[in-house]
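First up is the structure itself, then whatever we jot down about it.
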Amino acid sequence: MKTLCVYCGSSAGSDPAYAALARDLGVRFARDGIALVYGGGNVGLMGIVADAVLAGGGEVIGVIPQQLVDWEVAHRGVTRLEVVDSMHSRKARMFELADGFVALPGGFGTLDEMFEMLTWRQLGLGRKPCAFLGVNGFWQPLMAMLDTMVRERFLHPEQRQDMWHGGDIDALLAWMQAYVPAHADKWLDEKRRSQLKLTTEDV
């Protein structure tokens, strides 16, 4: 893992633990020589993780839509700032640049970006690892929702397991380094349909 993309909030959140986690991750990236790809902002957790990497002498690549540049939220101190024409272009470019994806606490945008990467992987459009790094149980309700999706047969168990969730940066990076993609296609084959006792009308 030479380059990792981090999705996170444009707010720092209500708990100082979120900012501390973002800062610790940025420090670790710089120490380990991992380049950061992120949304190019200078606010919230985005700005905190970027500043921590830069302070440690690391590389930071920001990818930001022109609209957000116009709103003056672009981080002008990053190693390289790429300005794109849309959010769609931003996602595609971040995917091209990164070896894997980490979601820190955030809101709609964080979920949108990470779940698009998970969906692309589900459809065979990418094989890059995705991880949720949180603190104080931030991601636990989301993990419970994913378990519900598995239980109700909207998500394959292999796809649910093909991601990482936790609060330890050492464990996160070790999982990223050892990652082997699961072989779980979006569409059920005959063998799986038989195992799940589904009929043709069910899929």
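Within each chain, counting starts at residue 1; across the structure tokens, chains are named A, B, ... in the order shown, with ligands numbered 1 upward in that order.
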
Name the residues of region 96-134 of chain A that fall into strand (DSSP E) according to DSSP on the backbone, using the chain letters and numbers of this document, as a list in words. Gly100, Phe101, Val102, Ala103, Cys130, Ala131, Phe132 and Leu133 of chain A

Prev. selection, C-alpha atoms, output as an mmCIF file, in the first residue's frame:
```
data_model
loop_
_atom_site.group_PDB
_atom_site.id
_atom_site.type_symbol
_atom_site.label_atom_id
_atom_site.label_comp_id
_atom_site.auth_asym_id
_atom_site.auth_seq_id
_atom_site.Cartn_x
_atom_site.Cartn_y
_atom_site.Cartn_z
ATOM 1 C CA GLY A 100 -7.199 1.273 -0.988
ATOM 2 C CA PHE A 101 -9.877 3.282 0.816
ATOM 3 C CA VAL A 102 -10.429 4.250 4.443
ATOM 4 C CA ALA A 103 -13.539 5.932 5.834
ATOM 5 C CA CYS A 130 -12.167 -0.790 1.857
ATOM 6 C CA ALA A 131 -12.036 -0.133 5.592
ATOM 7 C CA PHE A 132 -14.021 1.812 8.194
ATOM 8 C CA LEU A 133 -11.845 3.343 10.910
#
```

List the spatial neighbours of region 6-19 of chain A as a PyMOL selection string - criterion: any atom at most 7 Å away, only C-alpha atoms, same-chain residues fewer than 4 positions off excluded. chain A and resi 23+37-38+43-46+48+101-107+110+135

Selection above as a file: C-alpha atoms, as a short mmCIF file (atom, residue, chain, number, x, y, z; two decimals), in the first residue's frame:
```cif
data_model
loop_
_atom_site.label_atom_id
_atom_site.label_comp_id
_atom_site.auth_asym_id
_atom_site.auth_seq_id
_atom_site.Cartn_x
_atom_site.Cartn_y
_atom_site.Cartn_z
CA ARG A 23 -4.47 13.31 13.22
CA VAL A 37 -5.38 10.92 -1.45
CA TYR A 38 -8.39 12.82 -0.14
CA VAL A 43 -11.88 22.05 6.80
CA GLY A 44 -13.01 19.45 9.32
CA LEU A 45 -11.40 16.03 9.53
CA MET A 46 -10.30 16.46 5.91
CA ILE A 48 -6.82 17.67 9.99
CA PHE A 101 -9.88 3.28 0.82
CA VAL A 102 -10.43 4.25 4.44
CA ALA A 103 -13.54 5.93 5.83
CA LEU A 104 -13.10 8.04 8.95
CA PRO A 105 -16.20 9.42 10.70
CA GLY A 106 -18.24 11.64 8.41
CA GLY A 107 -21.67 12.24 6.94
CA THR A 110 -18.27 9.98 3.32
CA VAL A 135 -13.72 5.56 17.49
#
```

Report as an mmCIF file with N, CA, C and O atoms, in the first residue's frame: the residues of region 23-181 of chain A with a DSSP assignment of helix (DSSP H, G or I), based on the backbone of this structure.
```
data_model
loop_
_atom_site.group_PDB
_atom_site.id
_atom_site.type_symbol
_atom_site.label_atom_id
_atom_site.label_comp_id
_atom_site.auth_asym_id
_atom_site.auth_seq_id
_atom_site.Cartn_x
_atom_site.Cartn_y
_atom_site.Cartn_z
ATOM 1 N N ARG A 23 -5.857 12.871 13.073
ATOM 2 C CA ARG A 23 -4.466 13.314 13.221
ATOM 3 C C ARG A 23 -3.517 12.122 13.354
ATOM 4 O O ARG A 23 -2.460 12.080 12.718
ATOM 5 N N ASP A 24 -3.910 11.143 14.152
ATOM 6 C CA ASP A 24 -3.068 9.957 14.331
ATOM 7 C C ASP A 24 -2.885 9.196 13.023
ATOM 8 O O ASP A 24 -1.790 8.693 12.733
ATOM 9 N N LEU A 25 -3.946 9.114 12.223
ATOM 10 C CA LEU A 25 -3.835 8.420 10.940
ATOM 11 C C LEU A 25 -2.886 9.170 10.011
ATOM 12 O O LEU A 25 -2.051 8.556 9.338
ATOM 13 N N GLY A 26 -3.000 10.488 9.972
ATOM 14 C CA GLY A 26 -2.104 11.275 9.136
ATOM 15 C C GLY A 26 -0.654 11.148 9.561
ATOM 16 O O GLY A 26 0.249 11.022 8.717
ATOM 17 N N VAL A 27 -0.414 11.159 10.861
ATOM 18 C CA VAL A 27 0.952 10.983 11.373
ATOM 19 C C VAL A 27 1.502 9.622 10.936
ATOM 20 O O VAL A 27 2.669 9.513 10.526
ATOM 21 N N ARG A 28 0.667 8.609 11.017
ATOM 22 C CA ARG A 28 1.111 7.265 10.645
ATOM 23 C C ARG A 28 1.408 7.167 9.148
ATOM 24 O O ARG A 28 2.382 6.523 8.736
ATOM 25 N N PHE A 29 0.579 7.786 8.330
ATOM 26 C CA PHE A 29 0.841 7.807 6.887
ATOM 27 C C PHE A 29 2.210 8.406 6.608
ATOM 28 O O PHE A 29 3.001 7.846 5.844
ATOM 29 N N ALA A 30 2.485 9.551 7.208
ATOM 30 C CA ALA A 30 3.763 10.223 6.972
ATOM 31 C C ALA A 30 4.925 9.348 7.442
ATOM 32 O O ALA A 30 5.943 9.229 6.755
ATOM 33 N N ARG A 31 4.769 8.732 8.588
ATOM 34 C CA ARG A 31 5.836 7.900 9.144
ATOM 35 C C ARG A 31 6.128 6.683 8.268
ATOM 36 O O ARG A 31 7.282 6.297 8.075
ATOM 37 N N ASP A 32 5.054 6.100 7.707
ATOM 38 C CA ASP A 32 5.212 4.879 6.911
ATOM 39 C C ASP A 32 5.417 5.151 5.426
ATOM 40 O O ASP A 32 5.518 4.212 4.636
ATOM 41 N N GLY A 44 -12.574 20.668 8.661
ATOM 42 C CA GLY A 44 -13.008 19.450 9.315
ATOM 43 C C GLY A 44 -11.925 18.393 9.415
ATOM 44 O O GLY A 44 -10.722 18.694 9.445
ATOM 45 N N LEU A 45 -12.351 17.134 9.462
ATOM 46 C CA LEU A 45 -11.405 16.029 9.532
ATOM 47 C C LEU A 45 -10.539 15.967 8.281
ATOM 48 O O LEU A 45 -9.391 15.516 8.339
ATOM 49 N N MET A 46 -11.085 16.442 7.152
ATOM 50 C CA MET A 46 -10.301 16.457 5.912
ATOM 51 C C MET A 46 -9.038 17.291 6.092
ATOM 52 O O MET A 46 -7.931 16.857 5.756
ATOM 53 N N GLY A 47 -9.206 18.484 6.609
ATOM 54 C CA GLY A 47 -8.053 19.349 6.817
ATOM 55 C C GLY A 47 -7.108 18.816 7.866
ATOM 56 O O GLY A 47 -5.880 18.944 7.739
ATOM 57 N N ILE A 48 -7.655 18.177 8.901
ATOM 58 C CA ILE A 48 -6.821 17.670 9.990
ATOM 59 C C ILE A 48 -5.925 16.537 9.522
ATOM 60 O O ILE A 48 -4.721 16.517 9.813
ATOM 61 N N VAL A 49 -6.482 15.580 8.784
ATOM 62 C CA VAL A 49 -5.654 14.451 8.332
ATOM 63 C C VAL A 49 -4.616 14.916 7.326
ATOM 64 O O VAL A 49 -3.458 14.488 7.354
ATOM 65 N N ALA A 50 -4.985 15.842 6.450
ATOM 66 C CA ALA A 50 -4.034 16.359 5.462
ATOM 67 C C ALA A 50 -2.898 17.118 6.143
ATOM 68 O O ALA A 50 -1.716 16.925 5.809
ATOM 69 N N ASP A 51 -3.235 17.969 7.098
ATOM 70 C CA ASP A 51 -2.210 18.743 7.797
ATOM 71 C C ASP A 51 -1.252 17.840 8.567
ATOM 72 O O ASP A 51 -0.048 18.122 8.651
ATOM 73 N N ALA A 52 -1.776 16.744 9.124
ATOM 74 C CA ALA A 52 -0.923 15.827 9.884
ATOM 75 C C ALA A 52 0.074 15.126 8.968
ATOM 76 O O ALA A 52 1.240 14.948 9.334
ATOM 77 N N VAL A 53 -0.378 14.738 7.781
ATOM 78 C CA VAL A 53 0.545 14.113 6.827
ATOM 79 C C VAL A 53 1.616 15.116 6.403
ATOM 80 O O VAL A 53 2.816 14.806 6.375
ATOM 81 N N LEU A 54 1.190 16.313 6.073
ATOM 82 C CA LEU A 54 2.132 17.344 5.629
ATOM 83 C C LEU A 54 3.140 17.702 6.726
ATOM 84 O O LEU A 54 4.329 17.871 6.450
ATOM 85 N N ALA A 55 2.667 17.800 7.966
ATOM 86 C CA ALA A 55 3.555 18.138 9.069
ATOM 87 C C ALA A 55 4.631 17.088 9.269
ATOM 88 O O ALA A 55 5.740 17.389 9.729
ATOM 89 N N GLN A 66 -14.425 21.874 -8.952
ATOM 90 C CA GLN A 66 -14.276 23.317 -9.100
ATOM 91 C C GLN A 66 -15.258 24.079 -8.206
ATOM 92 O O GLN A 66 -14.935 25.135 -7.668
ATOM 93 N N GLN A 67 -16.453 23.549 -8.041
ATOM 94 C CA GLN A 67 -17.456 24.224 -7.205
ATOM 95 C C GLN A 67 -16.945 24.457 -5.792
ATOM 96 O O GLN A 67 -17.142 25.526 -5.213
ATOM 97 N N LEU A 68 -16.255 23.459 -5.226
ATOM 98 C CA LEU A 68 -15.745 23.613 -3.862
ATOM 99 C C LEU A 68 -14.539 24.554 -3.829
ATOM 100 O O LEU A 68 -14.316 25.231 -2.821
ATOM 101 N N VAL A 69 -13.782 24.607 -4.905
ATOM 102 C CA VAL A 69 -12.702 25.596 -4.998
ATOM 103 C C VAL A 69 -13.307 26.988 -4.968
ATOM 104 O O VAL A 69 -12.811 27.893 -4.278
ATOM 105 N N ASP A 70 -14.402 27.165 -5.703
ATOM 106 C CA ASP A 70 -15.077 28.464 -5.736
ATOM 107 C C ASP A 70 -15.611 28.855 -4.362
ATOM 108 O O ASP A 70 -15.710 30.049 -4.048
ATOM 109 N N MET A 87 -18.358 15.860 -8.985
ATOM 110 C CA MET A 87 -18.171 14.851 -7.947
ATOM 111 C C MET A 87 -17.912 13.484 -8.565
ATOM 112 O O MET A 87 -17.146 12.681 -8.021
ATOM 113 N N HIS A 88 -18.551 13.202 -9.687
ATOM 114 C CA HIS A 88 -18.340 11.915 -10.356
ATOM 115 C C HIS A 88 -16.888 11.788 -10.823
ATOM 116 O O HIS A 88 -16.251 10.737 -10.654
ATOM 117 N N SER A 89 -16.373 12.845 -11.401
ATOM 118 C CA SER A 89 -14.984 12.828 -11.845
ATOM 119 C C SER A 89 -14.034 12.694 -10.652
ATOM 120 O O SER A 89 -12.999 12.033 -10.738
ATOM 121 N N ARG A 90 -14.397 13.319 -9.560
ATOM 122 C CA ARG A 90 -13.574 13.235 -8.354
ATOM 123 C C ARG A 90 -13.451 11.785 -7.887
ATOM 124 O O ARG A 90 -12.367 11.305 -7.574
ATOM 125 N N LYS A 91 -14.586 11.077 -7.806
ATOM 126 C CA LYS A 91 -14.562 9.682 -7.358
ATOM 127 C C LYS A 91 -13.699 8.822 -8.273
ATOM 128 O O LYS A 91 -12.914 7.984 -7.808
ATOM 129 N N ALA A 92 -13.878 9.008 -9.569
ATOM 130 C CA ALA A 92 -13.115 8.208 -10.521
ATOM 131 C C ALA A 92 -11.615 8.479 -10.405
ATOM 132 O O ALA A 92 -10.792 7.551 -10.456
ATOM 133 N N ARG A 93 -11.252 9.729 -10.235
ATOM 134 C CA ARG A 93 -9.833 10.072 -10.136
ATOM 135 C C ARG A 93 -9.222 9.549 -8.837
ATOM 136 O O ARG A 93 -8.093 9.041 -8.834
ATOM 137 N N MET A 94 -9.945 9.653 -7.743
ATOM 138 C CA MET A 94 -9.455 9.119 -6.472
ATOM 139 C C MET A 94 -9.280 7.608 -6.552
ATOM 140 O O MET A 94 -8.327 7.047 -6.006
ATOM 141 N N PHE A 95 -10.184 6.957 -7.246
ATOM 142 C CA PHE A 95 -10.061 5.509 -7.437
ATOM 143 C C PHE A 95 -8.784 5.176 -8.210
ATOM 144 O O PHE A 95 -8.068 4.226 -7.876
ATOM 145 N N GLU A 96 -8.504 5.950 -9.244
ATOM 146 C CA GLU A 96 -7.299 5.707 -10.055
ATOM 147 C C GLU A 96 -6.027 5.880 -9.228
ATOM 148 O O GLU A 96 -5.059 5.131 -9.400
ATOM 149 N N LEU A 97 -6.028 6.850 -8.325
ATOM 150 C CA LEU A 97 -4.813 7.203 -7.598
ATOM 151 C C LEU A 97 -4.511 6.289 -6.413
ATOM 152 O O LEU A 97 -3.350 6.146 -6.027
ATOM 153 N N PHE A 108 -22.999 12.289 4.904
ATOM 154 C CA PHE A 108 -23.501 11.787 3.624
ATOM 155 C C PHE A 108 -22.376 11.567 2.612
ATOM 156 O O PHE A 108 -22.328 10.548 1.937
ATOM 157 N N GLY A 109 -21.491 12.569 2.478
ATOM 158 C CA GLY A 109 -20.442 12.470 1.466
ATOM 159 C C GLY A 109 -19.512 11.302 1.716
ATOM 160 O O GLY A 109 -19.127 10.580 0.783
ATOM 161 N N THR A 110 -19.154 11.087 2.972
ATOM 162 C CA THR A 110 -18.271 9.978 3.319
ATOM 163 C C THR A 110 -18.913 8.648 2.967
ATOM 164 O O THR A 110 -18.275 7.768 2.372
ATOM 165 N N LEU A 111 -20.182 8.489 3.337
ATOM 166 C CA LEU A 111 -20.893 7.250 3.021
ATOM 167 C C LEU A 111 -21.046 7.077 1.514
ATOM 168 O O LEU A 111 -20.860 5.970 0.985
ATOM 169 N N ASP A 112 -21.397 8.149 0.825
ATOM 170 C CA ASP A 112 -21.577 8.085 -0.625
ATOM 171 C C ASP A 112 -20.309 7.600 -1.315
ATOM 172 O O ASP A 112 -20.342 6.690 -2.150
ATOM 173 N N GLU A 113 -19.174 8.179 -0.937
ATOM 174 C CA GLU A 113 -17.920 7.834 -1.600
ATOM 175 C C GLU A 113 -17.489 6.405 -1.288
ATOM 176 O O GLU A 113 -17.085 5.655 -2.186
ATOM 177 N N MET A 114 -17.581 6.009 -0.023
ATOM 178 C CA MET A 114 -17.155 4.656 0.323
ATOM 179 C C MET A 114 -18.081 3.600 -0.263
ATOM 180 O O MET A 114 -17.631 2.582 -0.781
ATOM 181 N N PHE A 115 -19.378 3.839 -0.209
ATOM 182 C CA PHE A 115 -20.299 2.837 -0.737
ATOM 183 C C PHE A 115 -20.251 2.741 -2.253
ATOM 184 O O PHE A 115 -20.535 1.681 -2.811
ATOM 185 N N GLU A 116 -19.875 3.810 -2.916
ATOM 186 C CA GLU A 116 -19.666 3.673 -4.362
ATOM 187 C C GLU A 116 -18.479 2.767 -4.643
ATOM 188 O O GLU A 116 -18.513 1.934 -5.550
ATOM 189 N N MET A 117 -17.406 2.897 -3.859
ATOM 190 C CA MET A 117 -16.257 2.012 -4.043
ATOM 191 C C MET A 117 -16.624 0.569 -3.746
ATOM 192 O O MET A 117 -16.218 -0.361 -4.464
ATOM 193 N N LEU A 118 -17.418 0.337 -2.703
ATOM 194 C CA LEU A 118 -17.865 -1.022 -2.385
ATOM 195 C C LEU A 118 -18.744 -1.580 -3.492
ATOM 196 O O LEU A 118 -18.658 -2.775 -3.840
ATOM 197 N N THR A 119 -19.582 -0.739 -4.066
ATOM 198 C CA THR A 119 -20.459 -1.181 -5.153
ATOM 199 C C THR A 119 -19.652 -1.513 -6.401
ATOM 200 O O THR A 119 -19.900 -2.533 -7.065
ATOM 201 N N TRP A 120 -18.676 -0.676 -6.731
ATOM 202 C CA TRP A 120 -17.816 -0.961 -7.887
ATOM 203 C C TRP A 120 -17.114 -2.291 -7.700
ATOM 204 O O TRP A 120 -17.012 -3.097 -8.629
ATOM 205 N N ARG A 121 -16.630 -2.536 -6.494
ATOM 206 C CA ARG A 121 -15.938 -3.799 -6.239
ATOM 207 C C ARG A 121 -16.903 -4.974 -6.355
ATOM 208 O O ARG A 121 -16.567 -6.018 -6.902
ATOM 209 N N GLN A 122 -18.110 -4.803 -5.849
ATOM 210 C CA GLN A 122 -19.135 -5.844 -5.936
ATOM 211 C C GLN A 122 -19.430 -6.204 -7.386
ATOM 212 O O GLN A 122 -19.674 -7.366 -7.721
ATOM 213 N N GLN A 140 -20.476 1.339 14.391
ATOM 214 C CA GLN A 140 -21.158 0.118 14.798
ATOM 215 C C GLN A 140 -22.597 0.022 14.280
ATOM 216 O O GLN A 140 -23.030 -1.042 13.820
ATOM 217 N N PRO A 141 -23.411 1.095 14.346
ATOM 218 C CA PRO A 141 -24.768 0.986 13.786
ATOM 219 C C PRO A 141 -24.769 0.646 12.292
ATOM 220 O O PRO A 141 -25.642 -0.083 11.820
ATOM 221 N N LEU A 142 -23.801 1.168 11.550
ATOM 222 C CA LEU A 142 -23.729 0.851 10.129
ATOM 223 C C LEU A 142 -23.385 -0.615 9.927
ATOM 224 O O LEU A 142 -23.958 -1.284 9.057
ATOM 225 N N MET A 143 -22.444 -1.139 10.725
ATOM 226 C CA MET A 143 -22.094 -2.551 10.609
ATOM 227 C C MET A 143 -23.303 -3.435 10.931
ATOM 228 O O MET A 143 -23.519 -4.476 10.303
ATOM 229 N N ALA A 144 -24.108 -3.017 11.910
ATOM 230 C CA ALA A 144 -25.316 -3.762 12.240
ATOM 231 C C ALA A 144 -26.299 -3.758 11.069
ATOM 232 O O ALA A 144 -26.969 -4.760 10.792
ATOM 233 N N MET A 145 -26.373 -2.626 10.348
ATOM 234 C CA MET A 145 -27.251 -2.553 9.179
ATOM 235 C C MET A 145 -26.770 -3.502 8.084
ATOM 236 O O MET A 145 -27.574 -4.170 7.423
ATOM 237 N N LEU A 146 -25.461 -3.583 7.894
ATOM 238 C CA LEU A 146 -24.919 -4.511 6.904
ATOM 239 C C LEU A 146 -25.241 -5.958 7.285
ATOM 240 O O LEU A 146 -25.551 -6.785 6.424
ATOM 241 N N ASP A 147 -25.182 -6.258 8.577
ATOM 242 C CA ASP A 147 -25.551 -7.600 9.041
ATOM 243 C C ASP A 147 -27.016 -7.891 8.745
ATOM 244 O O ASP A 147 -27.380 -9.020 8.386
ATOM 245 N N THR A 148 -27.856 -6.870 8.881
ATOM 246 C CA THR A 148 -29.270 -7.033 8.530
ATOM 247 C C THR A 148 -29.425 -7.313 7.043
ATOM 248 O O THR A 148 -30.238 -8.164 6.632
ATOM 249 N N MET A 149 -28.659 -6.640 6.209
ATOM 250 C CA MET A 149 -28.713 -6.874 4.765
ATOM 251 C C MET A 149 -28.339 -8.313 4.429
ATOM 252 O O MET A 149 -28.945 -8.934 3.541
ATOM 253 N N VAL A 150 -27.345 -8.837 5.134
ATOM 254 C CA VAL A 150 -26.959 -10.237 4.919
ATOM 255 C C VAL A 150 -28.093 -11.160 5.364
ATOM 256 O O VAL A 150 -28.488 -12.088 4.633
ATOM 257 N N ARG A 151 -28.608 -10.915 6.539
ATOM 258 C CA ARG A 151 -29.662 -11.776 7.086
ATOM 259 C C ARG A 151 -30.898 -11.788 6.193
ATOM 260 O O ARG A 151 -31.537 -12.827 6.009
ATOM 261 N N PRO A 157 -22.781 -12.881 2.328
ATOM 262 C CA PRO A 157 -21.896 -12.910 3.505
ATOM 263 C C PRO A 157 -20.442 -12.618 3.148
ATOM 264 O O PRO A 157 -19.735 -11.939 3.896
ATOM 265 N N GLU A 158 -19.973 -13.113 1.996
ATOM 266 C CA GLU A 158 -18.587 -12.863 1.591
ATOM 267 C C GLU A 158 -18.328 -11.383 1.360
ATOM 268 O O GLU A 158 -17.255 -10.865 1.675
ATOM 269 N N GLN A 159 -19.315 -10.682 0.807
ATOM 270 C CA GLN A 159 -19.160 -9.250 0.572
ATOM 271 C C GLN A 159 -19.192 -8.475 1.880
ATOM 272 O O GLN A 159 -18.476 -7.480 2.038
ATOM 273 N N ARG A 160 -19.983 -8.921 2.826
ATOM 274 C CA ARG A 160 -20.007 -8.282 4.147
ATOM 275 C C ARG A 160 -18.655 -8.449 4.846
ATOM 276 O O ARG A 160 -18.163 -7.538 5.505
ATOM 277 N N GLN A 161 -18.047 -9.616 4.675
ATOM 278 C CA GLN A 161 -16.770 -9.896 5.333
ATOM 279 C C GLN A 161 -15.588 -9.270 4.595
ATOM 280 O O GLN A 161 -14.500 -9.148 5.169
ATOM 281 N N ILE A 169 -5.251 1.602 14.249
ATOM 282 C CA ILE A 169 -4.566 1.925 12.997
ATOM 283 C C ILE A 169 -3.583 0.835 12.602
ATOM 284 O O ILE A 169 -3.448 0.500 11.414
ATOM 285 N N ASP A 170 -2.878 0.245 13.575
ATOM 286 C CA ASP A 170 -1.959 -0.855 13.270
ATOM 287 C C ASP A 170 -2.699 -2.007 12.613
ATOM 288 O O ASP A 170 -2.246 -2.570 11.605
ATOM 289 N N ALA A 171 -3.844 -2.387 13.197
ATOM 290 C CA ALA A 171 -4.625 -3.497 12.651
ATOM 291 C C ALA A 171 -5.166 -3.158 11.268
ATOM 292 O O ALA A 171 -5.202 -4.017 10.368
ATOM 293 N N LEU A 172 -5.584 -1.918 11.080
ATOM 294 C CA LEU A 172 -6.080 -1.473 9.774
ATOM 295 C C LEU A 172 -5.018 -1.646 8.693
ATOM 296 O O LEU A 172 -5.275 -2.252 7.646
ATOM 297 N N LEU A 173 -3.821 -1.128 8.933
ATOM 298 C CA LEU A 173 -2.777 -1.170 7.918
ATOM 299 C C LEU A 173 -2.283 -2.593 7.686
ATOM 300 O O LEU A 173 -1.957 -2.960 6.555
ATOM 301 N N ALA A 174 -2.255 -3.421 8.734
ATOM 302 C CA ALA A 174 -1.871 -4.824 8.563
ATOM 303 C C ALA A 174 -2.884 -5.541 7.681
ATOM 304 O O ALA A 174 -2.518 -6.329 6.797
ATOM 305 N N TRP A 175 -4.177 -5.249 7.896
ATOM 306 C CA TRP A 175 -5.217 -5.870 7.063
ATOM 307 C C TRP A 175 -5.089 -5.401 5.617
ATOM 308 O O TRP A 175 -5.215 -6.201 4.686
ATOM 309 N N MET A 176 -4.840 -4.118 5.431
ATOM 310 C CA MET A 176 -4.676 -3.587 4.078
ATOM 311 C C MET A 176 -3.521 -4.286 3.352
ATOM 312 O O MET A 176 -3.648 -4.680 2.189
ATOM 313 N N GLN A 177 -2.404 -4.449 4.032
ATOM 314 C CA GLN A 177 -1.223 -5.051 3.408
ATOM 315 C C GLN A 177 -1.475 -6.508 3.014
ATOM 316 O O GLN A 177 -0.962 -6.986 2.005
ATOM 317 N N ALA A 178 -2.265 -7.218 3.828
ATOM 318 C CA ALA A 178 -2.485 -8.649 3.590
ATOM 319 C C ALA A 178 -3.758 -8.925 2.788
ATOM 320 O O ALA A 178 -4.104 -10.086 2.565
#
```

As a PDB file with N, CA, C and O atoms, in the first residue's frame, please: the residues near region 76-78 of chain A (cut-off 9 Å, only C-alpha atoms, same-chain neighbours under 3 positions excluded).
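Result saved to part.pdb:
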```
ATOM      1  N   GLY A  40      -9.391  17.075  -0.824  1.00  0.00           N
ATOM      2  CA  GLY A  40      -8.803  18.367  -1.130  1.00  0.00           C
ATOM      3  C   GLY A  40      -9.251  19.529  -0.282  1.00  0.00           C
ATOM      4  O   GLY A  40      -8.892  20.680  -0.560  1.00  0.00           O
ATOM      5  N   GLY A  41     -10.019  19.263   0.796  1.00  0.00           N
ATOM      6  CA  GLY A  41     -10.528  20.353   1.606  1.00  0.00           C
ATOM      7  C   GLY A  41      -9.587  20.774   2.722  1.00  0.00           C
ATOM      8  O   GLY A  41      -8.688  20.032   3.116  1.00  0.00           O
ATOM      9  N   ASN A  42      -9.835  21.982   3.222  1.00  0.00           N
ATOM     10  CA  ASN A  42      -9.024  22.499   4.328  1.00  0.00           C
ATOM     11  C   ASN A  42      -9.823  22.592   5.619  1.00  0.00           C
ATOM     12  O   ASN A  42      -9.397  23.249   6.578  1.00  0.00           O
ATOM     13  N   ALA A  50      -4.985  15.842   6.450  1.00  0.00           N
ATOM     14  CA  ALA A  50      -4.034  16.359   5.462  1.00  0.00           C
ATOM     15  C   ALA A  50      -2.898  17.118   6.143  1.00  0.00           C
ATOM     16  O   ALA A  50      -1.716  16.925   5.809  1.00  0.00           O
ATOM     17  N   ASP A  51      -3.235  17.969   7.098  1.00  0.00           N
ATOM     18  CA  ASP A  51      -2.210  18.743   7.797  1.00  0.00           C
ATOM     19  C   ASP A  51      -1.252  17.840   8.567  1.00  0.00           C
ATOM     20  O   ASP A  51      -0.048  18.122   8.651  1.00  0.00           O
ATOM     21  N   LEU A  54       1.190  16.313   6.073  1.00  0.00           N
ATOM     22  CA  LEU A  54       2.132  17.344   5.629  1.00  0.00           C
ATOM     23  C   LEU A  54       3.140  17.702   6.726  1.00  0.00           C
ATOM     24  O   LEU A  54       4.329  17.871   6.450  1.00  0.00           O
ATOM     25  N   GLU A  59       3.338  13.015   1.612  1.00  0.00           N
ATOM     26  CA  GLU A  59       2.728  13.500   0.369  1.00  0.00           C
ATOM     27  C   GLU A  59       1.214  13.502   0.491  1.00  0.00           C
ATOM     28  O   GLU A  59       0.620  12.527   0.963  1.00  0.00           O
ATOM     29  N   VAL A  60       0.590  14.587   0.036  1.00  0.00           N
ATOM     30  CA  VAL A  60      -0.862  14.719   0.072  1.00  0.00           C
ATOM     31  C   VAL A  60      -1.360  15.151  -1.300  1.00  0.00           C
ATOM     32  O   VAL A  60      -0.931  16.180  -1.830  1.00  0.00           O
ATOM     33  N   ILE A  61      -2.273  14.367  -1.852  1.00  0.00           N
ATOM     34  CA  ILE A  61      -2.885  14.674  -3.141  1.00  0.00           C
ATOM     35  C   ILE A  61      -4.360  14.952  -2.905  1.00  0.00           C
ATOM     36  O   ILE A  61      -5.105  14.076  -2.464  1.00  0.00           O
ATOM     37  N   GLY A  62      -4.790  16.163  -3.176  1.00  0.00           N
ATOM     38  CA  GLY A  62      -6.189  16.529  -3.030  1.00  0.00           C
ATOM     39  C   GLY A  62      -6.887  16.513  -4.386  1.00  0.00           C
ATOM     40  O   GLY A  62      -6.318  16.956  -5.382  1.00  0.00           O
ATOM     41  N   LEU A  81      -2.770  19.522  -5.874  1.00  0.00           N
ATOM     42  CA  LEU A  81      -4.213  19.713  -5.856  1.00  0.00           C
ATOM     43  C   LEU A  81      -4.737  19.564  -7.276  1.00  0.00           C
ATOM     44  O   LEU A  81      -4.374  20.333  -8.165  1.00  0.00           O
TER      45      LEU A  81
END
```

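In this model, the gap between CA of Ile64 (chain A) and CA of Cys5 (chain A) comes to 13.1 Å.
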
Provide the CA of Lys128 (chain A) to CA of Ala182 (chain A) distance in Å, to one decimal place. 10.6 Å

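The smallest atom-to-atom distance between Asp99 (chain A) and any of A:Arg80, A:His75, A:Arg127, A:Arg153, using only C-alpha atoms, is found for A:Arg127.
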
When you draw a straight line from CA of Thr3 (chain A) to CA of Leu125 (chain A), how long is it in Å? 18.8 Å
